[in-house]
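Engineer: Input: one structure, supplied below.
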Amino acid sequence: MANLTTNLGKLVLTNPVMTASGTFGYGEEYAKFYPLKQLGAVVVKGISPFQCHGNPMPRICETSSGMLNAIGLQNPGVDNFINKPEYLPFLRKAGAVVIVNIWGKSVEDYCAVAEKLDGVEGIAALEINISCPNIKEGGIAFGTDPVLAAKVVSSVRKKTKLPVITKLSPNVTKVSEFAKIVVGEGADMISLINTYPGMAIDIETRKSRIANITGGLSGPAIKPIAIKMVYETANAVDVPIIGMGGIFTTADAIEFFLAGADAVAIGTANFIDPMTPIKIISGINEYLDSHGYSGIKELVGNLAI
Amino acid sequence: MANLTTNLGKLVLTNPVMTASGTFGYGEEYAKFYPLKQLGAVVVKGISPFQCHGNPMPRICETSSGMLNAIGLQNPGVDNFINKPEYLPFLRKAGAVVIVNIWGKSVEDYCAVAEKLDGVEGIAALEINISCPNIKEGGIAFGTDPVLAAKVVSSVRKKTKLPVITKLSPNVTKVSEFAKIVVGEGADMISLINTYPGMAIDIETRKSRIANITGGLSGPAIKPIAIKMVYETANAVDVPIIGMGGIFTTADAIEFFLAGADAVAIGTANFIDPMTPIKIISGINEYLDSHGYSGIKELVGNLAI
Amino acid sequence: MCQFQAEQSKIINNCNIKGKYYRIDFMCEKIAELARPGQFVHVQIKNMGERLFRRPFSIFDVSDDGVLSIIYKVVGYGTCVLSGLKNGEICDILGPLGNSYSIPEIGETPIITAGGYGAASTYLLAKNSQTKGKVLLGAKNKDELILCDEYKRLGFDVEIATDDGSCGYSGLVTDLLAYFLKEAGIKIYGCGPNSMMYAITKMLKGTSKIAELSLDENMCCGVGACFGCVIKVVAKNEKGWEYKRSCNEGPVFKSNEIYLDF
Amino acid sequence: MCQFQAEQSKIINNCNIKGKYYRIDFMCEKIAELARPGQFVHVQIKNMGERLFRRPFSIFDVSDDGVLSIIYKVVGYGTCVLSGLKNGEICDILGPLGNSYSIPEIGETPIITAGGYGAASTYLLAKNSQTKGKVLLGAKNKDELILCDEYKRLGFDVEIATDDGSCGYSGLVTDLLAYFLKEAGIKIYGCGPNSMMYAITKMLKGTSKIAELSLDENMCCGVGACFGCVIKVVAKNEKGWEYKRSCNEGPVFKSNEIYLDF
Ligand SMILES: Cc1cc2nc3c(=O)[nH]c(=O)nc-3n(C[C@H](O)[C@H](O)[C@H](O)COP(=O)(O)OP(=O)(O)OC[C@H]3O[C@@H](n4cnc5c(N)ncnc54)[C@H](O)[C@@H]3O)c2cc1C
Ligand SMILES: Cc1cc2nc3c(=O)[nH]c(=O)nc-3n(C[C@H](O)[C@H](O)[C@H](O)COP(=O)(O)OP(=O)(O)OC[C@H]3O[C@@H](n4cnc5c(N)ncnc54)[C@H](O)[C@@H]3O)c2cc1C
Ligand SMILES: Cc1cc2nc3c(=O)[nH]c(=O)nc-3n(C[C@H](O)[C@H](O)[C@H](O)COP(=O)(O)O)c2cc1C
Ligand SMILES: Cc1cc2nc3c(=O)[nH]c(=O)nc-3n(C[C@H](O)[C@H](O)[C@H](O)COP(=O)(O)O)c2cc1C
Ligand code: FES
Ligand code: FES
């Protein structure tokens with residue numbers, strides 16, 4: 001049996017499979033299907049300093065091999081997240097490796113969450129979400145502006161001792177430029193890709209299928225875009241990369257490793273088959289064994305050119 | 001029966017359905033399925049001042065609800081295009097409305113093609129391709145740099161009396177900014193979207209499925225991205241918009257009209273069902289009739305908010 | 001906290017019952033055993049190709065030998081594909097999901113108001129109820145009317161309202177409900193189009209009666225993870241409302257919880 | 001210029017012939033009537049969901065009453081789905097596509113070298129040939145060997161080569177071909193994996209013999225519109241080669257046209 005241990009700098013995981021932020025709630029629901037500690041890590045839905053109601057309905061719709069969502073980062077706020085039994089305390093009890101995805105409407109907001117989470121027991125890393133396309137302020141605005149991106153990351157960096165992952169937006173011309181910038185400001189890791197801005201219209205009602213008009217596209221439809229961005233980024237920076245975007249099968253995950261991802265995250269696929277992450281963990285094991293690799297590291301970036 | 005006449009500035013078409021550049025060769029092949037004059041227009045594969053061999057094989061692969069291609073703009077060069085019987089002369093004889101997609105490796109190249117085509121009989125418009133992701137020089141480099149985009153368009157504008165369409169790249173943060181820029185430089189119309197850069201890896205050979213490593217993603221997978229970009233652009237500029245990206249059915253085309261496209265182009269769908277453009281022309285007619293519209297114009301941008 | 005799971009379930013019957021309505025029976029022992037009235041299942045319909053989502057359906061009935069039944073209306077792509085699946089084919093089913101109706105207490109008379117396929121959601125409730133009551137069935141016309149005989153067989157009075165008067169009362173089923181509102185000892189349940197549920201909510205505002213209403217929202221994960229299916233419920237905050245997940249805190253809501261913003 | 005069209009074709013037979021090989025027969029009158037040896041059809045396989053492309057297959061045989069037959073090997077998703085389609089189902093077929101083998105002149109002896117499903121591409125050629133000749137069939141092992149009897153029934157000599165020697169000559173089928181190269185009056189045809197076709201091309205370099213070889217490239221449109229299926233052919237330009245579309249100027253190329261860059 002191959003060794004799935006995954007070294008992401010200081011962060012060491014038992015395997016390279018995480019759940020993507022926003023697609024796994026706060027873990028409680030999927031804990032009914034399998035023990036959360038079987039996962040490399042659980043990345044929770046984006047947490048802000050304040051409670052957030054999110055966007056009006058409808059918030060989701062199906063598209064060809066994908067989906068649009070504009071949840072609008074509904075979340076209980078950082079204080080409730082830390083204290084209410086169904087959030088962090090639940091995850092801690094479940095023994096999950098927890099990565100907290102954070103966002104805000106201003107640099108100060110990002111810092112406020114990071115500060116509150118610093119030193120709290122049971123958190124393995126922070127993921128700075130500068131790439132949500134579904135909120136009016138913050139989110140993608142930070143992820144598509146090099147100056148703002150740098151500012152958020154350098155500021156958060158000062159507020160926490162935890163490893164900092166920066167989650168990049170695909171909605172830029174050259175994602176590797178942003179990777180270089182945020183690594184320069186102290187990001188320990190890069191995760192990508194977040195959803196891509198999209199829209200779908202109901203031709204009978206003539207309305208957008210999403211109340212927010214536009215939403216974020218995820219699922220297998222965007223996998224080729226994600227693979228390309230991971231490949232480009234892996235060739236530009238030296239920090240660990242968490243790849244995501246349309247991973248539904250083991251083969252999809254292997255594609256990301258070959259493109260240069262050190263770990264992967266499963267998003268939309270959880271909604272279709274809750275067992276996806278577990279199936280992929282054992283699938284990776286089988287692939288490594290049958291192809292004669294002793295560990296995941298040998299696969300990462302091992303593209304034949 | 002509704003009126004499908006489509007006014008794109010000075011360019012008047014019998015209906016709003018075109019074929020997308022690069023997906024319809026030079027018309028000869030699909031002329032075996034139906035008379036080309038049934039189309040609103042035929043947009044031919046990208047023409048450069050020189051003959052171009054294109055990229056090595058493999059050049060195409062399937063992805064979830066889409067495909068990647070890196071043809072590399074193989075084409076006979078502008079002189080052959082004008083003179084050889086199977087190219088422009090064939091289209092002229094077929095009575096097709098011809099739009100010529102042009103590209104080059106430098107501003108001078110673009111100008112050279114435009115100049116050669118100016119005054120040639122049987123050309124209705126030029127489409128400047130500043131958005132091909134599959135060539136090393138030119139293409140997308142022009143479409144993702146505001147200064148270069150402006151330069152190409154203003155230079156070509158001076159070399160031709162034909163209506164000039166500028167085909168934008170989706171690989172930018174805000175496509176409407178580019179639309180504004182090129183309209184400012186004299187573009188009479190905007191077409192979008194070109195393919196989105198992507199990549200797919202064969203996990204057995206560990207090679208990219210495309211010899212060029214990366215390719216351009218097209219098909220239904222990218223439709224939500226295209227709809228969003230058309231919507232954004234239609235709200236930013238006042239010139240006619242030709243929308244494309246994943247149109248396979250009449251409903252897809254109607255979505256583009258509602259988002260703000262004045263005409264649509266069918267790309268990848270031709271490969272799957274050669275009759276797609278013809279089916280969509282009659283489908284649009286039926287939709288207009290059954291929904292009480294007298295013409296296509298009433299539909300354009302008529303989104304219910 | 002509810003228990004649920006994914007179960008590979010074999011189709012043992014899939015047939016048209018009337019017009020666009022079908023009944024499908026699955027061998028689905030674990031979910032059938034846990035199912036409570038008003039809960040739903042999230043079905044991965046085979047052969048949907050590029051359409052990814054599961055489809056939610058109320059649990060219509062369960063049998064002691066592990067059969068779980070759904071009544072579904074063909075309204076779009078997924079339900080159309082579902083109607084073409086054959087006996088012996090396997091579907092992956094998640095369930096039982098969501099909360100449930102509370103069973104009427106002894107002495108309470110259930111009044112079930114149901115529109116369209118909503119009638120499927122309340123059948124198990126009627127079946128498990130110790131006191132028999134009334135079922136008010138609403139439909140566009142008599143061809144859209146389902147499950148009358150099934151409810152009668154359970155010993156319930158069935159009253160019918162059709163929009164076009166082609167059967168029973170001519171008008172809305174909520175008009176029928178209005179007759180009974182003043183009666184004592186009744187417990188109102190409802191499932192149907194959201195507009196109908198909101199109409200009932202309005203009728204009850206200002207009265208002391210509280211109905212249990214099942215709401216329909218487009219669902220993605222179905223288990224509470226995506227926040228894609230929320231509805232507004234009354235809350236003690238500056239806005240007066242907050243969002244709750246209809247798949248998790250619902251689909252059954254108390255009428256006095258439901259926030260009306262129109 | 002070739003003629004072709006799209007035809008809605010009903011499956012009238014779809015059965016396993018050996019191992020991973022299947023035969024499928026379509027009612028496909030117009031295409032069957034026009035088909036020439038070496039041409040192919042582009043089949044839209046139903047129920048492929050998110051996979052969009054058609055799949056190309058050589059026309060194996062056609063009958064006077066409009067039946068078009070294909071021999072296919074299940075190698076991936078599309079061919080697997082194809083093998084599950086039932087009689088009576090309809091597939092949209094484009095064809096006949098591409099160029100064709102030239103029929104041997106009177107006095108010419110055809111030597112057909114075929115590997116794997118390549119043997120399906122040359123059957124109609126053998127059938128239409130006035131002179132009988134030889135078929136050299138190559139396969140990995142005897143379980144992968146197909147169409148021996150069919151070629152024998154046409155009056156052709158069949159010689160066999162298997163990689164593992166489990167049937168006939170132990171080695172490459174091109175070794176067999178080498179024996180016949182010096183014979184006069186032969187006309188060489190080939191269809192099989194590209195590596196095999198390139199090997200034949202190499203063997204013939206420097207001789208006066210010209211083979212007609214059918215090449216396999218992944219296809220997208222299949223009709224010449226996308227330039228996705230090109231192969232290098234000899235050209236009088238600075239590079240010495242240019243790309244030609246294997247779906248349009250091919251799939252059959254003369255061996256002296258094929259450009260070898262290795
Ligand atoms: C809790 C719950 C219980 C339900 N119980 C039943 C039942 O017992 N019988 C029955 O026939 N139907 C029931 N529905 C509705 C059923 O889920 C939809 O009719 C079905 O999803 C339509 O799928 P489609 O692919 O045919 O339609 P499409 O319109 O092609 O579906 C497109 C998308 O919209 C969603 N959608 C469409 N209509 C509805 C709807 N009315 N409610 C929720 N999502 C919808 C689909 O799930 C899918 O994601 C229930 C819905 C919910 C939320
Ligand atoms: C002109 C021509 C004639 C052919 N004739 C036959 C025949 O008579 N019998 C037969 O069994 N096969 C034939 N093939 C090969 C056949 O097209 C492929 O085996 C088939 O497309 C595989 O599809 P899949 O979905 O099962 O495989 P997948 O690997 O899932 O297909 C993925 C993609 O690769 C393409 N592809 C995969 N293998 C090949 C291949 N060898 N050649 C071309 N494209 C490929 C597919 O079309 C598809 O686009 C022919 C190919 C060509 C080009
Ligand atoms: C419903 C939904 C909600 C999401 N919420 C968040 C979020 O809160 N924070 C975040 O960084 N990304 C969020 N994402 C993006 C995912 O984490 C992931 O980057 C994206 O969906 C691509 O992966 P996938 O194709 O596997 O889903 C969300 C995605 C979906 C579908
Ligand atoms: C095989 C292929 C070749 C293409 N070649 C060109 C080209 O030469 N010039 C150009 O402007 N766009 C080219 N495109 C882009 C299409 O014109 C179109 O913008 C894109 O494919 C999106 O539309 P679709 O999803 O309907 O295919 C090509 C696309 C494909 C698939
Ligand atoms: S459907 Fe995902 S939270 Fe309800
Ligand atoms: S497959 Fe499109 S040109 Fe050959």
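Numbering starts fresh at 1 for the residues of each chain in the structure tokens, the chains themselves are lettered A, B, ... in the order given, and ligands are numbered from 1 as they appear.
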Which residues sit within 7 Å of ligand 2, counting only C-alpha atoms and all ligand atoms, listed as a short mmCIF file (atom, residue, chain, number, x, y, z; two decimals) with N, CA, C and O atoms, in the first residue's frame?
Structural biologist:
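Listing of part-v6.cif after writing:
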```cif
data_model
loop_
_atom_site.label_atom_id
_atom_site.label_comp_id
_atom_site.auth_asym_id
_atom_site.auth_seq_id
_atom_site.Cartn_x
_atom_site.Cartn_y
_atom_site.Cartn_z
N CYS B 61 -9.49 17.15 -28.08
CA CYS B 61 -9.97 16.07 -27.21
C CYS B 61 -11.30 16.46 -26.59
O CYS B 61 -11.65 17.63 -26.52
N GLU B 62 -12.01 15.43 -26.20
CA GLU B 62 -13.30 15.62 -25.53
C GLU B 62 -13.08 15.97 -24.07
O GLU B 62 -12.19 15.42 -23.42
N PHE D 40 -15.63 5.55 -44.26
CA PHE D 40 -16.09 5.34 -42.88
C PHE D 40 -17.37 6.10 -42.61
O PHE D 40 -17.81 6.91 -43.44
N PHE D 53 -18.55 13.99 -28.80
CA PHE D 53 -18.11 13.65 -30.16
C PHE D 53 -18.81 12.41 -30.73
O PHE D 53 -19.15 11.48 -30.01
N ARG D 54 -18.95 12.43 -32.03
CA ARG D 54 -19.27 11.22 -32.76
C ARG D 54 -18.07 10.28 -32.73
O ARG D 54 -16.96 10.71 -32.43
N ARG D 55 -18.27 9.04 -33.11
CA ARG D 55 -17.18 8.06 -33.18
C ARG D 55 -17.09 7.53 -34.62
O ARG D 55 -18.11 7.15 -35.19
N PRO D 56 -15.87 7.50 -35.18
CA PRO D 56 -15.70 7.03 -36.55
C PRO D 56 -15.48 5.51 -36.62
O PRO D 56 -14.74 4.95 -35.81
N PHE D 57 -16.13 4.87 -37.57
CA PHE D 57 -15.93 3.44 -37.81
C PHE D 57 -15.90 3.16 -39.30
O PHE D 57 -16.71 3.73 -40.05
N SER D 58 -15.01 2.28 -39.70
CA SER D 58 -14.98 1.86 -41.10
C SER D 58 -16.28 1.17 -41.47
O SER D 58 -16.89 0.50 -40.64
N ILE D 59 -16.66 1.35 -42.70
CA ILE D 59 -17.80 0.59 -43.21
C ILE D 59 -17.29 -0.82 -43.50
O ILE D 59 -16.42 -1.00 -44.35
N PHE D 60 -17.80 -1.77 -42.76
CA PHE D 60 -17.34 -3.14 -42.93
C PHE D 60 -18.00 -3.76 -44.16
O PHE D 60 -17.34 -4.27 -45.06
N ILE D 70 -20.91 -2.59 -39.29
CA ILE D 70 -19.66 -2.15 -38.68
C ILE D 70 -19.16 -3.27 -37.78
O ILE D 70 -19.96 -3.93 -37.12
N ILE D 71 -17.85 -3.46 -37.77
CA ILE D 71 -17.24 -4.33 -36.77
C ILE D 71 -16.49 -3.42 -35.81
O ILE D 71 -15.64 -2.63 -36.25
N TYR D 72 -16.83 -3.48 -34.53
CA TYR D 72 -16.14 -2.57 -33.62
C TYR D 72 -15.62 -3.30 -32.39
O TYR D 72 -16.15 -4.31 -31.97
N LYS D 73 -14.56 -2.73 -31.86
CA LYS D 73 -13.94 -3.26 -30.65
C LYS D 73 -14.27 -2.33 -29.50
O LYS D 73 -14.17 -1.10 -29.63
N VAL D 74 -14.68 -2.88 -28.38
CA VAL D 74 -14.96 -2.06 -27.21
C VAL D 74 -13.62 -1.68 -26.57
O VAL D 74 -12.90 -2.54 -26.06
N VAL D 75 -13.29 -0.39 -26.67
CA VAL D 75 -12.00 0.08 -26.14
C VAL D 75 -12.17 1.20 -25.12
O VAL D 75 -11.24 1.52 -24.38
N GLY D 76 -13.34 1.81 -25.07
CA GLY D 76 -13.53 2.95 -24.18
C GLY D 76 -14.99 3.20 -23.94
O GLY D 76 -15.83 2.31 -24.12
N TYR D 77 -15.28 4.43 -23.54
CA TYR D 77 -16.64 4.76 -23.13
C TYR D 77 -17.66 4.61 -24.26
O TYR D 77 -18.69 3.97 -24.12
N GLY D 78 -17.34 5.23 -25.40
CA GLY D 78 -18.31 5.26 -26.49
C GLY D 78 -18.61 3.88 -27.03
O GLY D 78 -19.78 3.51 -27.22
N THR D 79 -17.59 3.11 -27.27
CA THR D 79 -17.81 1.77 -27.81
C THR D 79 -18.51 0.89 -26.78
O THR D 79 -19.30 0.01 -27.14
N CYS D 80 -18.28 1.16 -25.50
CA CYS D 80 -18.99 0.40 -24.46
C CYS D 80 -20.48 0.73 -24.49
O CYS D 80 -21.33 -0.15 -24.45
N TYR D 117 -8.98 -4.19 -35.59
CA TYR D 117 -10.22 -3.85 -36.29
C TYR D 117 -9.96 -3.30 -37.69
O TYR D 117 -10.89 -3.07 -38.45
N GLY D 118 -8.69 -3.10 -38.03
CA GLY D 118 -8.34 -2.67 -39.38
C GLY D 118 -8.89 -3.65 -40.42
O GLY D 118 -9.21 -3.25 -41.54
N ALA D 120 -11.67 -4.75 -40.63
CA ALA D 120 -13.03 -4.38 -41.03
C ALA D 120 -13.01 -3.39 -42.18
O ALA D 120 -13.95 -3.34 -42.99
N SER D 121 -11.94 -2.63 -42.27
CA SER D 121 -11.87 -1.55 -43.26
C SER D 121 -11.65 -2.08 -44.68
O SER D 121 -12.02 -1.43 -45.66
N LEU D 215 -5.18 5.33 -42.34
CA LEU D 215 -4.64 5.79 -41.06
C LEU D 215 -5.76 6.18 -40.10
O LEU D 215 -6.81 6.66 -40.51
N ASP D 216 -5.51 5.96 -38.83
CA ASP D 216 -6.45 6.27 -37.75
C ASP D 216 -6.04 7.54 -37.05
O ASP D 216 -4.98 7.59 -36.44
N GLU D 217 -6.83 8.55 -37.09
CA GLU D 217 -6.57 9.69 -36.22
C GLU D 217 -7.84 10.03 -35.46
O GLU D 217 -8.94 9.83 -35.97
N ASN D 218 -7.69 10.52 -34.24
CA ASN D 218 -8.87 10.98 -33.50
C ASN D 218 -9.60 11.99 -34.36
O ASN D 218 -8.99 12.87 -34.94
N MET D 219 -10.90 11.82 -34.44
CA MET D 219 -11.66 12.71 -35.28
C MET D 219 -12.68 13.50 -34.49
O MET D 219 -13.20 13.04 -33.48
N CYS D 220 -12.95 14.68 -34.99
CA CYS D 220 -13.91 15.55 -34.35
C CYS D 220 -15.09 15.69 -35.30
O CYS D 220 -16.08 14.96 -35.18
N CYS D 247 -9.71 12.76 -42.42
CA CYS D 247 -11.13 12.46 -42.66
C CYS D 247 -11.54 12.83 -44.07
O CYS D 247 -12.56 12.36 -44.56
N PRO D 251 -9.29 8.63 -45.22
CA PRO D 251 -8.24 8.03 -44.38
C PRO D 251 -7.21 7.23 -45.16
O PRO D 251 -6.18 6.86 -44.62
#
```
Engineer: Please identify all protein, DNA and RNA residues within 6 Å of ligand 5, counting only C-alpha atoms and all ligand atoms, and report them as an mmCIF file with C-alpha atoms, in the first residue's frame.
Structural biologist:
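And here is the file that came out, part.cif:
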```cif
data_model
loop_
_atom_site.group_PDB
_atom_site.id
_atom_site.type_symbol
_atom_site.label_atom_id
_atom_site.label_comp_id
_atom_site.auth_asym_id
_atom_site.auth_seq_id
_atom_site.Cartn_x
_atom_site.Cartn_y
_atom_site.Cartn_z
ATOM 1 C CA MET C 219 -32.360 21.356 -3.966
ATOM 2 C CA CYS C 220 -28.745 20.679 -4.586
ATOM 3 C CA CYS C 221 -27.115 18.578 -1.847
ATOM 4 C CA GLY C 222 -30.370 17.753 -0.031
ATOM 5 C CA VAL C 223 -28.534 17.222 3.246
ATOM 6 C CA GLY C 224 -27.852 20.723 4.527
ATOM 7 C CA ALA C 225 -24.349 21.316 3.222
ATOM 8 C CA CYS C 226 -24.773 23.807 0.391
ATOM 9 C CA PHE C 227 -27.291 26.388 1.648
ATOM 10 C CA GLY C 228 -28.920 26.325 -1.752
ATOM 11 C CA CYS C 229 -32.487 25.608 -0.635
ATOM 12 C CA ARG C 245 -32.408 25.183 4.852
ATOM 13 C CA SER C 246 -35.587 23.545 3.623
ATOM 14 C CA CYS C 247 -33.780 20.224 3.233
#
```
Engineer: Pick out the chain D residues within 12 Å of chain A. Count only C-alpha atoms. Give them as a ChimeraX atom specification.
Structural biologist: /D:49-52
Engineer: Grab the residues selected above and save them as a PDB file, in the first residue's frame with C-alpha atoms.
Structural biologist:
```pdb
ATOM      1  CA  GLY D  49     -24.303  12.238 -21.987  1.00  0.00           C
ATOM      2  CA  GLU D  50     -21.505  14.705 -21.417  1.00  0.00           C
ATOM      3  CA  ARG D  51     -19.304  13.191 -24.144  1.00  0.00           C
ATOM      4  CA  LEU D  52     -20.106  15.051 -27.274  1.00  0.00           C
TER       5      LEU D  52
END
```
Engineer: What does the list of residues within 8 Å of ligand 4 look like if you count only C-alpha atoms and all ligand atoms, written as a VMD selection string?
Structural biologist: (chain B and resid 19 to 23 44 to 47 60 66 to 74 101 to 103 127 to 132 167 192 to 195 216 to 223 244 to 248 265 to 269) or (chain D and resid 226 to 228)
Engineer: Report as a tab-separated table the residues of chain A within 9 Å of chain B, each with its shortest atom pair and distance in Å (one decimal), using only C-alpha atoms, ordered by chain and increasing residue number.
Structural biologist:
```
residue	atom	partner	partner_atom	distance
A:Thr63	CA	B:Pro224	CA	7.4
A:Ser64	CA	B:Ala221	CA	5.5
A:Ser65	CA	B:Ser65	CA	5.9
A:Gly66	CA	B:Ala221	CA	7.3
A:Leu68	CA	B:Pro224	CA	8.2
A:Thr144	CA	B:Thr173	CA	6.8
A:Pro170	CA	B:Thr173	CA	8.8
A:Asn171	CA	B:Thr173	CA	5.2
A:Val172	CA	B:Thr173	CA	4.8
A:Thr173	CA	B:Val172	CA	4.7
A:Lys174	CA	B:Asn171	CA	8.4
A:Tyr196	CA	B:Ile225	CA	7.4
A:Pro197	CA	B:Ile225	CA	6.3
A:Gly198	CA	B:Ile225	CA	4.4
A:Met199	CA	B:Pro224	CA	4.7
A:Ala200	CA	B:Pro224	CA	5.6
A:Ile201	CA	B:Glu255	CA	5.7
A:Asp202	CA	B:Glu255	CA	7.4
A:Ile203	CA	B:Glu255	CA	6.2
A:Glu204	CA	B:His291	CA	8.9
A:Thr205	CA	B:Ala304	CA	7.4
A:Arg206	CA	B:Ala304	CA	5.3
A:Lys207	CA	B:Ala304	CA	4.9
A:Ser208	CA	B:Ile305	CA	7.6
A:Ala211	CA	B:Ile305	CA	8.8
A:Ile213	CA	B:Ile305	CA	8.2
A:Thr214	CA	B:Lys228	CA	6.9
A:Leu217	CA	B:Pro224	CA	7.4
A:Pro220	CA	B:Ser64	CA	5.9
A:Ala221	CA	B:Ala221	CA	4.7
A:Ile222	CA	B:Ala221	CA	7.1
A:Lys223	CA	B:Gly198	CA	8.1
A:Pro224	CA	B:Gly198	CA	4.6
A:Ile225	CA	B:Gly198	CA	4.4
A:Ala226	CA	B:Gly198	CA	7.4
A:Ile227	CA	B:Met199	CA	5.8
A:Lys228	CA	B:Met199	CA	4.9
A:Met229	CA	B:Gly198	CA	7.9
A:Tyr231	CA	B:Met199	CA	8.7
A:Ala251	CA	B:Ile203	CA	6.8
A:Asp252	CA	B:Ile203	CA	8.8
A:Ile254	CA	B:Ile203	CA	6.7
A:Glu255	CA	B:Ile201	CA	5.7
A:Phe256	CA	B:Ile201	CA	8.6
A:Leu258	CA	B:Arg206	CA	7.1
A:Ala259	CA	B:Ile201	CA	7.8
A:His291	CA	B:Glu204	CA	8.9
A:Asn302	CA	B:Arg206	CA	7.4
A:Leu303	CA	B:Arg206	CA	5.3
A:Ala304	CA	B:Lys207	CA	4.9
A:Ile305	CA	B:Lys207	CA	6.2
```
Engineer: For Val78 (chain B), please output as number ranges by chain all residues within 7 Å (counting only C-alpha atoms; exclusion window: fewer than 6 positions along the same chain).
Structural biologist: B: 47-50, 113
Engineer: Could you give me, as a VMD selection string, the residues within 10 Å of Phe90 (chain A), counting only C-alpha atoms and dropping anything in the same chain fewer than 6 positions from it?
Structural biologist: chain A and resid 26 to 28 31 82 to 84 96
Engineer: Taking 2 positions as the minimum chain separation for residues in the same chain, which residues sit within 8 Å of region 173-178 of chain C when counting only C-alpha atoms? Answer as JSON, numbers by chain.
Structural biologist: {"C": [113, 114, 115, 136, 137, 138, 160, 161, 162, 171, 180, 181, 196, 199, 200, 203]}
Engineer: For the structure I just gave you, how does DSSP split region 95-166 of chain D - specifically, which residues are helix (DSSP H, G or I)? Reply as a list in words.
Structural biologist: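 Of region 95-166 of chain D, only Gly118, Ala119, Ala120, Ser121, Tyr123, Leu124, Leu125, Ala126, Lys127, Asn128, Lys142, Asp143, Glu144, Cys148, Asp149, Glu150, Tyr151, Lys152 and Arg153 of chain D fall in helix (DSSP H, G or I).
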Engineer: Using only C-alpha atoms and all ligand atoms, which of D:Pro110, D:Gly250, D:Gly185, D:Gly168 sits nearest ligand 6?
Structural biologist: D:Gly250
Engineer: Name all residues at most 9 Å from region 3-19 of chain C (count only C-alpha atoms; drop same-chain ones fewer than 5 positions away) and give them as a VMD selection string.
Structural biologist: (chain A and resid 32 to 33 273 to 275) or (chain C and resid 24 to 31 34 67 71 73 82 to 97 143 to 146)
Engineer: Report, in Å to a single decimal, how far apart CA of Pro240 (chain B) and CA of Val183 (chain B) are.
Structural biologist: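 Separation between CA of Val183 (chain B) and CA of Pro240 (chain B): 10.5 Å.
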Engineer: Taking only C-alpha atoms into account, name the residue in C:Lys254, C:Lys239, C:Lys46, C:Lys127 that is nearest to chain D.
Structural biologist: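 Comparing C:Lys254, C:Lys239, C:Lys46, C:Lys127 against chain D, the winner is C:Lys46.
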Engineer: Write out as a PyMOL selection string which residues come within 8 Å of Thr201 (chain C) when counting only C-alpha atoms, dropping same-chain ones fewer than 3 positions away.
Structural biologist: chain C and resi 197-198+204-205+211+255-256+258
Engineer: Calculate how many Å separate CA of Tyr243 (chain D) from CA of Tyr259 (chain D), rounding to one decimal.
Structural biologist: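 Pair CA of Tyr243 (chain D) / CA of Tyr259 (chain D) returns 9.6 Å.
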Engineer: Go ahead and compute the interatomic distance for CA of Val264 (chain A) and CA of Glu177 (chain A), in Å to one decimal.
Structural biologist: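 For CA of Val264 (chain A) relative to CA of Glu177 (chain A), the distance reads 21.1 Å.
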